[in-house]
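J.: Below you'll find coords_32.cif; it's mmCIF, C-alpha atoms and all ligand atoms.
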data_final
loop_
_atom_site.label_atom_id
_atom_site.label_comp_id
_atom_site.auth_asym_id
_atom_site.auth_seq_id
_atom_site.Cartn_x
_atom_site.Cartn_y
_atom_site.Cartn_z
CA MET D 128 146.65 212.26 116.17
CA ALA D 129 146.09 213.34 112.54
CA VAL D 130 144.27 210.57 110.75
CA THR D 131 143.75 210.24 107.00
CA ILE D 132 141.24 207.85 105.45
CA ARG D 133 142.07 206.70 101.93
CA HIS D 134 142.19 203.63 99.69
CA LEU D 135 144.40 200.77 100.84
CA GLU D 136 147.80 200.92 99.14
CA GLU D 137 150.15 198.03 98.43
CA PHE D 138 152.78 198.91 101.03
CA ASP D 139 150.49 199.91 103.86
CA ASP D 140 151.56 198.18 107.07
CA ALA D 141 148.84 195.99 108.50
CA GLU D 142 151.05 193.30 110.04
CA SER D 143 150.60 194.56 113.61
CA PHE D 144 146.90 195.39 113.13
CA ASP D 145 144.81 193.82 115.89
CA CYS D 146 141.11 194.61 116.30
CA GLY D 147 140.64 191.61 118.60
CA ASN D 148 138.90 189.60 115.88
CA GLU D 149 141.08 187.18 113.96
CA PRO D 150 139.00 186.92 110.74
CA LEU D 151 138.96 190.73 110.46
CA ASN D 152 142.72 190.96 111.12
CA ASN D 153 143.36 188.17 108.64
CA TYR D 154 141.23 189.74 105.92
CA LEU D 155 143.17 193.00 106.09
CA GLN D 156 146.57 191.32 106.26
CA ARG D 157 146.05 188.63 103.62
CA TYR D 158 143.13 189.32 101.31
CA ALA D 159 142.19 193.01 101.20
CA TRP D 160 144.85 194.07 98.70
CA THR D 161 144.25 191.14 96.34
CA ASN D 162 140.49 191.57 96.50
CA GLN D 163 140.85 195.27 95.71
CA GLN D 164 143.63 195.30 93.18
CA LYS D 165 143.64 191.94 91.42
CA VAL D 166 140.15 190.49 91.50
CA SER D 167 138.00 193.62 92.01
CA ILE D 168 135.55 192.19 94.53
CA GLY D 169 135.94 194.76 97.30
CA VAL D 170 137.62 198.09 97.91
CA THR D 171 139.25 198.69 101.29
CA TYR D 172 139.68 202.10 102.88
CA VAL D 173 142.20 202.52 105.67
CA ALA D 174 142.67 205.03 108.49
CA ILE D 175 146.34 205.99 108.62
CA ASP D 176 148.13 207.97 111.30
CA GLU D 177 149.93 210.64 109.29
CA ALA D 178 152.79 210.71 111.80
CA ALA D 179 153.36 206.95 111.38
CA SER D 180 152.65 206.78 107.68
CA HIS D 181 151.46 203.49 106.22
CA THR D 182 150.47 201.99 109.60
CA VAL D 183 146.81 200.99 109.49
CA LEU D 184 144.72 201.97 112.52
CA GLY D 185 141.37 200.89 111.13
CA TYR D 186 139.63 199.93 107.91
CA PHE D 187 136.40 199.21 106.10
CA THR D 188 135.66 197.33 102.90
CA LEU D 189 132.85 198.08 100.43
CA ALA D 190 131.41 195.94 97.65
CA THR D 191 128.19 195.86 95.65
CA SER D 192 125.39 193.36 96.19
CA SER D 193 121.61 193.09 96.02
CA ILE D 194 118.72 191.94 98.20
CA PRO D 195 115.20 190.66 97.40
CA ARG D 196 112.74 193.51 97.88
CA ASP D 197 110.61 191.51 100.37
CA LYS D 198 113.53 191.12 102.78
CA LEU D 199 113.37 194.81 103.68
CA PRO D 200 110.68 196.28 105.96
CA LYS D 201 107.61 197.26 103.91
CA LYS D 202 107.74 200.93 104.78
CA TYR D 203 111.16 201.18 103.12
CA VAL D 204 110.18 199.53 99.84
CA ARG D 205 106.69 200.88 99.25
CA GLY D 206 106.33 201.89 95.61
CA LEU D 207 109.44 200.05 94.46
CA PRO D 208 109.34 197.45 91.66
CA PRO D 209 109.52 193.73 92.56
CA TYR D 210 113.19 193.43 91.65
CA ASP D 211 116.19 192.56 93.74
CA LEU D 212 117.32 195.93 95.03
CA PRO D 213 120.88 197.12 94.40
CA LEU D 214 122.89 197.95 97.49
CA ILE D 215 126.34 198.57 98.90
CA LEU D 216 127.70 195.91 101.21
CA LEU D 217 129.70 197.24 104.15
CA ALA D 218 131.63 194.00 104.12
CA ARG D 219 134.04 194.70 106.95
CA LEU D 220 134.82 197.46 109.44
CA ALA D 221 137.33 197.29 112.26
CA VAL D 222 139.51 199.48 114.45
CA ASP D 223 142.78 198.40 116.07
CA LYS D 224 141.88 197.80 119.72
CA ARG D 225 144.77 200.05 120.84
CA PHE D 226 142.83 202.95 119.27
CA SER D 227 139.23 201.94 120.04
CA GLY D 228 136.82 204.34 121.70
CA ARG D 229 138.49 207.41 120.18
CA GLY D 230 136.02 208.02 117.39
CA LEU D 231 137.90 206.15 114.68
CA GLY D 232 134.97 203.82 114.06
CA HIS D 233 132.77 206.90 113.67
CA ALA D 234 135.27 208.50 111.26
CA LEU D 235 135.42 205.31 109.20
CA ILE D 236 131.67 204.77 108.94
CA SER D 237 131.16 208.47 108.14
CA GLU D 238 133.63 208.15 105.28
CA ALA D 239 131.87 204.98 104.13
CA PHE D 240 128.56 206.88 104.07
CA LYS D 241 130.06 209.64 101.91
CA THR D 242 131.40 207.09 99.44
CA ILE D 243 128.08 205.24 99.41
CA LEU D 244 126.19 208.45 98.62
CA ARG D 245 128.54 209.17 95.72
CA VAL D 246 127.89 205.68 94.37
CA ALA D 247 124.15 206.12 94.84
CA ASP D 248 124.30 209.37 92.88
CA ASP D 249 126.37 207.91 90.04
CA VAL D 250 125.11 204.34 89.78
CA GLY D 251 122.04 203.85 91.95
CA CYS D 252 121.79 201.87 95.15
CA ARG D 253 118.98 201.66 97.61
CA CYS D 254 120.62 200.91 100.94
CA VAL D 255 123.64 199.67 102.83
CA ILE D 256 123.75 196.16 104.28
CA THR D 257 126.16 194.78 106.82
CA ASP D 258 126.43 191.43 108.56
CA ALA D 259 127.27 192.59 112.07
CA TYR D 260 128.51 190.59 114.98
CA ARG D 261 125.60 190.51 117.40
CA ASP D 262 127.52 192.22 120.16
CA LYS D 263 128.20 195.12 117.74
CA ALA D 264 124.63 195.57 116.48
CA GLY D 265 124.10 198.28 119.10
CA TRP D 266 127.01 200.24 117.69
CA TYR D 267 125.46 200.15 114.18
CA ALA D 268 122.04 201.05 115.61
CA ARG D 269 123.54 204.40 116.68
CA TYR D 270 123.65 205.22 112.95
CA GLY D 271 120.12 203.99 112.23
CA PHE D 272 120.86 200.46 111.00
CA ILE D 273 117.78 198.22 111.29
CA PRO D 274 117.63 194.37 111.35
CA VAL D 275 116.67 192.77 108.01
CA GLU D 276 113.43 190.77 108.21
CA GLY D 277 113.67 186.99 108.16
CA ALA D 278 117.42 187.02 108.76
CA ALA D 279 119.02 184.10 110.61
CA GLN D 280 118.49 184.09 114.39
CA ASP D 281 122.07 183.11 115.14
CA GLY D 282 125.39 184.05 113.61
CA PRO D 283 125.87 187.58 112.30
CA GLN D 284 122.94 190.00 112.40
CA LYS D 285 122.02 191.30 108.94
CA LEU D 286 121.36 195.05 109.21
CA PHE D 287 120.35 197.65 106.67
CA LEU D 288 120.34 201.41 106.39
CA ASP D 289 118.21 203.23 103.82
CA ILE D 290 120.12 205.56 101.52
CA ARG D 291 117.65 208.34 102.33
CA THR D 292 118.51 208.09 106.03
CA ILE D 293 122.19 208.60 105.24
CA ARG D 294 121.47 211.46 102.87
CA ALA D 295 119.26 213.24 105.43
CA ALA D 296 121.83 212.74 108.21
CA LEU D 297 124.70 214.08 106.11
CA GLN D 298 122.63 217.06 105.01
CA HIS D 299 121.98 217.87 108.65
CA GLY D 300 125.67 217.41 109.49
CA LYS D 301 125.03 214.53 111.87
CA GLN D 302 127.54 212.01 110.49
C1 LIG Y 1 132.92 198.32 116.48
C2 LIG Y 1 134.17 199.17 116.33
C3 LIG Y 1 134.47 199.37 114.86
C4 LIG Y 1 133.90 200.54 116.97
O1 LIG Y 1 135.05 201.38 116.72
P1 LIG Y 1 135.51 202.50 117.78
O2 LIG Y 1 136.55 203.32 117.12
O3 LIG Y 1 135.85 201.87 119.08
O4 LIG Y 1 134.15 203.32 117.92
P2 LIG Y 1 133.94 204.85 118.23
O5 LIG Y 1 135.09 205.35 119.06
O6 LIG Y 1 133.66 205.60 116.97
O7 LIG Y 1 132.61 204.81 119.06
C5 LIG Y 1 132.63 204.52 120.42
C6 LIG Y 1 131.22 204.73 120.98
O8 LIG Y 1 130.43 203.58 120.60
C7 LIG Y 1 129.91 202.98 121.79
N1 LIG Y 1 129.88 201.54 121.58
C8 LIG Y 1 130.93 200.72 121.44
N2 LIG Y 1 130.49 199.45 121.26
C9 LIG Y 1 129.15 199.51 121.28
C10 LIG Y 1 128.13 198.54 121.17
N3 LIG Y 1 128.41 197.24 120.96
N4 LIG Y 1 126.84 198.94 121.21
C11 LIG Y 1 126.53 200.24 121.41
N5 LIG Y 1 127.47 201.22 121.54
C12 LIG Y 1 128.76 200.84 121.48
C13 LIG Y 1 130.88 203.40 122.89
O9 LIG Y 1 130.27 203.34 124.16
C14 LIG Y 1 131.22 204.83 122.48
O10 LIG Y 1 130.17 205.67 122.86
P3 LIG Y 1 130.38 207.26 123.11
O11 LIG Y 1 130.84 207.85 121.81
O12 LIG Y 1 129.01 207.75 123.47
O13 LIG Y 1 131.41 207.37 124.18
C15 LIG Y 1 135.36 198.55 117.09
O14 LIG Y 1 134.97 198.26 118.40
C16 LIG Y 1 135.93 197.29 116.47
O15 LIG Y 1 136.67 197.35 115.50
N6 LIG Y 1 135.64 196.12 117.04
C17 LIG Y 1 136.26 194.87 116.62
C18 LIG Y 1 135.91 194.50 115.22
C19 LIG Y 1 134.41 194.40 115.02
O16 LIG Y 1 133.71 193.76 115.78
N7 LIG Y 1 133.94 195.09 113.98
C20 LIG Y 1 132.54 195.14 113.66
C21 LIG Y 1 132.23 194.00 112.78
S1 LIG Y 1 130.48 193.76 112.74
#
Now, as a test, write the supplied structure out as structure tokens.
T.:
Amino acid sequence: MAVTIRHLEEFDDAESFDCGNEPLNNYLQRYAWTNQQKVSIGVTYVAIDEAASHTVLGYFTLATSSIPRDKLPKKYVRGLPPYDLPLILLARLAVDKRFSGRGLGHALISEAFKTILRVADDVGCRCVITDAYRDKAGWYARYGFIPVEGAAQDGPQKLFLDIRTIRAALQHGKQ
């Protein structure tokens, strides 16, 4: 299967998309295009099977945000000023369950990392944050994501990944 990852387009077909999580399906089907195109609060990238063009197999959404410096582990913020730190929010990431376990999640997060590094080079951002479902935190940990200190004990698990970790991994061809 030849997969392309690119920006969401207006006539991409997400109607049959099913990652097994209704809020994530619903976001892609109802809100992703508006949020990207009309109100500019998040950009969605989709994985498309080139043989079945416009059918979405998986997606992720990026936005900007910030976090108080003292929410991150001390070793990652040593020497930084006492400001809220700019970051990229990995707001959503999902793969259609019919295609799970085939490396699509890896391809999507790798693409997200490349985009995030470009932003960090052009604008400045310190880390990536995601609010992960607790049963998926192990999947993010494979990429080096670490729990944010003082985050809520229930509900989604707030995780972060330092920009330097991504840069080092990409330079060593690990992502
Ligand atoms: C999480 C998700 C994106 C992973 O996508 P995927 O395409 O199935 O993942 P990949 O094929 O790239 O990776 C599969 C690998 O991750 C491992 N893995 C899967 N879930 C895991 C978990 N919860 N913890 C640790 N490892 C996990 C698999 O064992 C497999 O390992 P292997 O490569 O050594 O065989 C996908 O399961 C999904 O969309 N889930 C529903 C939506 C969701 O929960 N999204 C995350 C929101 S926080």
J.: Give the residues close to ligand LIG 1 (chain Y), within 9 Å, counting only C-alpha atoms and all ligand atoms; write them as an MDAnalysis selection string.
T.: chainID D and resid 145:148 151:152 185:187 218:224 226:236 257:269 283:284
J.: So that I can see what lies close to stretch 238-247 of chain D, please list as a list in words the residues with an atom at most 7 Å from it, counting only C-alpha atoms and leaving out residues fewer than 5 positions away in the same chain.
T.: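 Residues meeting the cut-off are Ile215, Cys252 and Ile293 of chain D.
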J.: Under the rule that all atoms listed in the file are counted, which of D:Asp281, D:Asp249, D:Glu137, D:Glu276 is the nearest residue to D:Asp197?
T.: D:Glu276
J.: What is the atom CA of D:Leu288-atom CA of D:Leu216 distance in Å, reported with one decimal?
T.: 10.5 Å
J.: Could you work out how far atom CA of D:Leu214 lies from atom CA of D:Leu155, giving the answer in Å with one decimal?
T.: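 Atom CA of D:Leu155 sits 22.6 Å away from atom CA of D:Leu214.
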J.: Can I get the residues of stretch 180-221 of chain D within 10 Å of stretch 161-167 of chain D, each with the closest pair of atoms and their distance in Å to one decimal, using all atoms listed in the file, sorted chain first then ascending number, as a Markdown table?
T.:
| residue | atom | partner | partner_atom | distance |
| --- | --- | --- | --- | --- |
| D:Thr188 | CA | D:Gln163 | CA | 9.1 |
| D:Leu189 | CA | D:Gln163 | CA | 9.7 |
| D:Ala190 | CA | D:Ser167 | CA | 9.0 |
J.: Selection from above, C-alpha atoms, as a short mmCIF file (atom, residue, chain, number, x, y, z; two decimals), keeping the file's coordinate frame, can you write it?
T.:
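Contents of the output file part_28.cif:
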data_model
loop_
_atom_site.label_atom_id
_atom_site.label_comp_id
_atom_site.auth_asym_id
_atom_site.auth_seq_id
_atom_site.Cartn_x
_atom_site.Cartn_y
_atom_site.Cartn_z
CA THR D 188 135.66 197.33 102.90
CA LEU D 189 132.85 198.08 100.43
CA ALA D 190 131.41 195.94 97.65
#
J.: Could you give me, as a ChimeraX atom specification, the residues within 12 Å of D:Ser180, counting only C-alpha atoms and dropping anything in the same chain fewer than 6 positions from it?
T.: /D:128-132,136,138-141,173-174
J.: State, in Å with one decimal place, the distance from atom CA of D:Glu142 to atom CA of D:Gln156.
T.: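 If I compute the distance from atom CA of D:Glu142 to atom CA of D:Gln156, I get 6.2 Å.
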J.: Name the residues within 7 Å of (119.7, 194.0, 101.9), counting only C-alpha atoms in the file's coordinates, and put them as a PDB file with C-alpha atoms, in the coordinates of the input.
T.:
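Saved the output as part_36.pdb:
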ATOM      1  CA  SER D 193     121.610 193.090  96.020  1.00  0.00           C
ATOM      2  CA  ILE D 194     118.720 191.940  98.200  1.00  0.00           C
ATOM      3  CA  LYS D 198     113.530 191.120 102.780  1.00  0.00           C
ATOM      4  CA  LEU D 199     113.370 194.810 103.680  1.00  0.00           C
ATOM      5  CA  LEU D 214     122.890 197.950  97.490  1.00  0.00           C
ATOM      6  CA  VAL D 255     123.640 199.670 102.830  1.00  0.00           C
ATOM      7  CA  ILE D 256     123.750 196.160 104.280  1.00  0.00           C
ATOM      8  CA  VAL D 275     116.670 192.770 108.010  1.00  0.00           C
ATOM      9  CA  PHE D 287     120.350 197.650 106.670  1.00  0.00           C
TER      10      PHE D 287
END
J.: If we count only C-alpha atoms and set the cut-off at 8 Å, which residues sit around stretch 207-213 of chain D, ignoring sequence neighbours fewer than 3 positions away in its own chain? Please answer as a ChimeraX atom specification.
T.: /D:191-196,204,251-254
J.: Store the residues of this selection in a file with C-alpha atoms, as an mmCIF file, keeping the file's coordinate frame.
T.:
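Resulting contents of result_15.cif:
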data_model
loop_
_atom_site.group_PDB
_atom_site.id
_atom_site.type_symbol
_atom_site.label_atom_id
_atom_site.label_comp_id
_atom_site.auth_asym_id
_atom_site.auth_seq_id
_atom_site.Cartn_x
_atom_site.Cartn_y
_atom_site.Cartn_z
ATOM 1 C CA THR D 191 128.190 195.860 95.650
ATOM 2 C CA SER D 192 125.390 193.360 96.190
ATOM 3 C CA SER D 193 121.610 193.090 96.020
ATOM 4 C CA ILE D 194 118.720 191.940 98.200
ATOM 5 C CA PRO D 195 115.200 190.660 97.400
ATOM 6 C CA ARG D 196 112.740 193.510 97.880
ATOM 7 C CA VAL D 204 110.180 199.530 99.840
ATOM 8 C CA GLY D 251 122.040 203.850 91.950
ATOM 9 C CA CYS D 252 121.790 201.870 95.150
ATOM 10 C CA ARG D 253 118.980 201.660 97.610
ATOM 11 C CA CYS D 254 120.620 200.910 100.940
#
J.: Taking all atoms listed in the file into account, which of D:Tyr203, D:Leu217, D:Ser143, D:Ile273 comes nearest D:Arg291?
T.: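 Looking at the shortest contact to D:Arg291, the residue is D:Tyr203.
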J.: With only C-alpha atoms as the atoms that count, which of D:His299, D:Ser237, D:His181, D:Lys285 lies nearest to D:Tyr270?
T.: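 Closest residue, counting only C-alpha atoms: D:Ser237.
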J.: Output requested as a short mmCIF file (atom, residue, chain, number, x, y, z; two decimals), keeping the file's coordinate frame - stretch 279-291 of chain D, filled out with N, CA and C atoms.
T.:
data_model
loop_
_atom_site.label_atom_id
_atom_site.label_comp_id
_atom_site.auth_asym_id
_atom_site.auth_seq_id
_atom_site.Cartn_x
_atom_site.Cartn_y
_atom_site.Cartn_z
N ALA D 279 118.74 185.20 109.69
CA ALA D 279 119.02 184.10 110.61
C ALA D 279 119.00 184.60 112.05
N GLN D 280 118.59 183.71 112.98
CA GLN D 280 118.49 184.09 114.39
C GLN D 280 119.82 183.95 115.12
N ASP D 281 120.74 183.19 114.52
CA ASP D 281 122.07 183.11 115.14
C ASP D 281 123.11 183.52 114.10
N GLY D 282 124.36 183.56 114.51
CA GLY D 282 125.39 184.05 113.61
C GLY D 282 125.28 185.56 113.47
N PRO D 283 125.90 186.13 112.45
CA PRO D 283 125.87 187.58 112.30
C PRO D 283 124.45 188.10 112.11
N GLN D 284 124.24 189.34 112.54
CA GLN D 284 122.94 190.00 112.40
C GLN D 284 122.96 190.84 111.12
N LYS D 285 122.08 190.51 110.18
CA LYS D 285 122.02 191.30 108.94
C LYS D 285 121.28 192.61 109.23
N LEU D 286 121.93 193.72 108.93
CA LEU D 286 121.36 195.05 109.21
C LEU D 286 121.34 195.86 107.93
N PHE D 287 120.35 196.77 107.83
CA PHE D 287 120.35 197.65 106.67
C PHE D 287 120.11 199.09 107.09
N LEU D 288 120.53 199.98 106.19
CA LEU D 288 120.34 201.41 106.39
C LEU D 288 119.91 202.00 105.06
N ASP D 289 118.74 202.65 105.05
CA ASP D 289 118.21 203.23 103.82
C ASP D 289 119.09 204.39 103.37
N ILE D 290 119.27 204.50 102.07
CA ILE D 290 120.12 205.56 101.52
C ILE D 290 119.58 206.94 101.89
N ARG D 291 118.26 207.04 102.01
CA ARG D 291 117.65 208.34 102.33
C ARG D 291 117.98 208.77 103.75
#
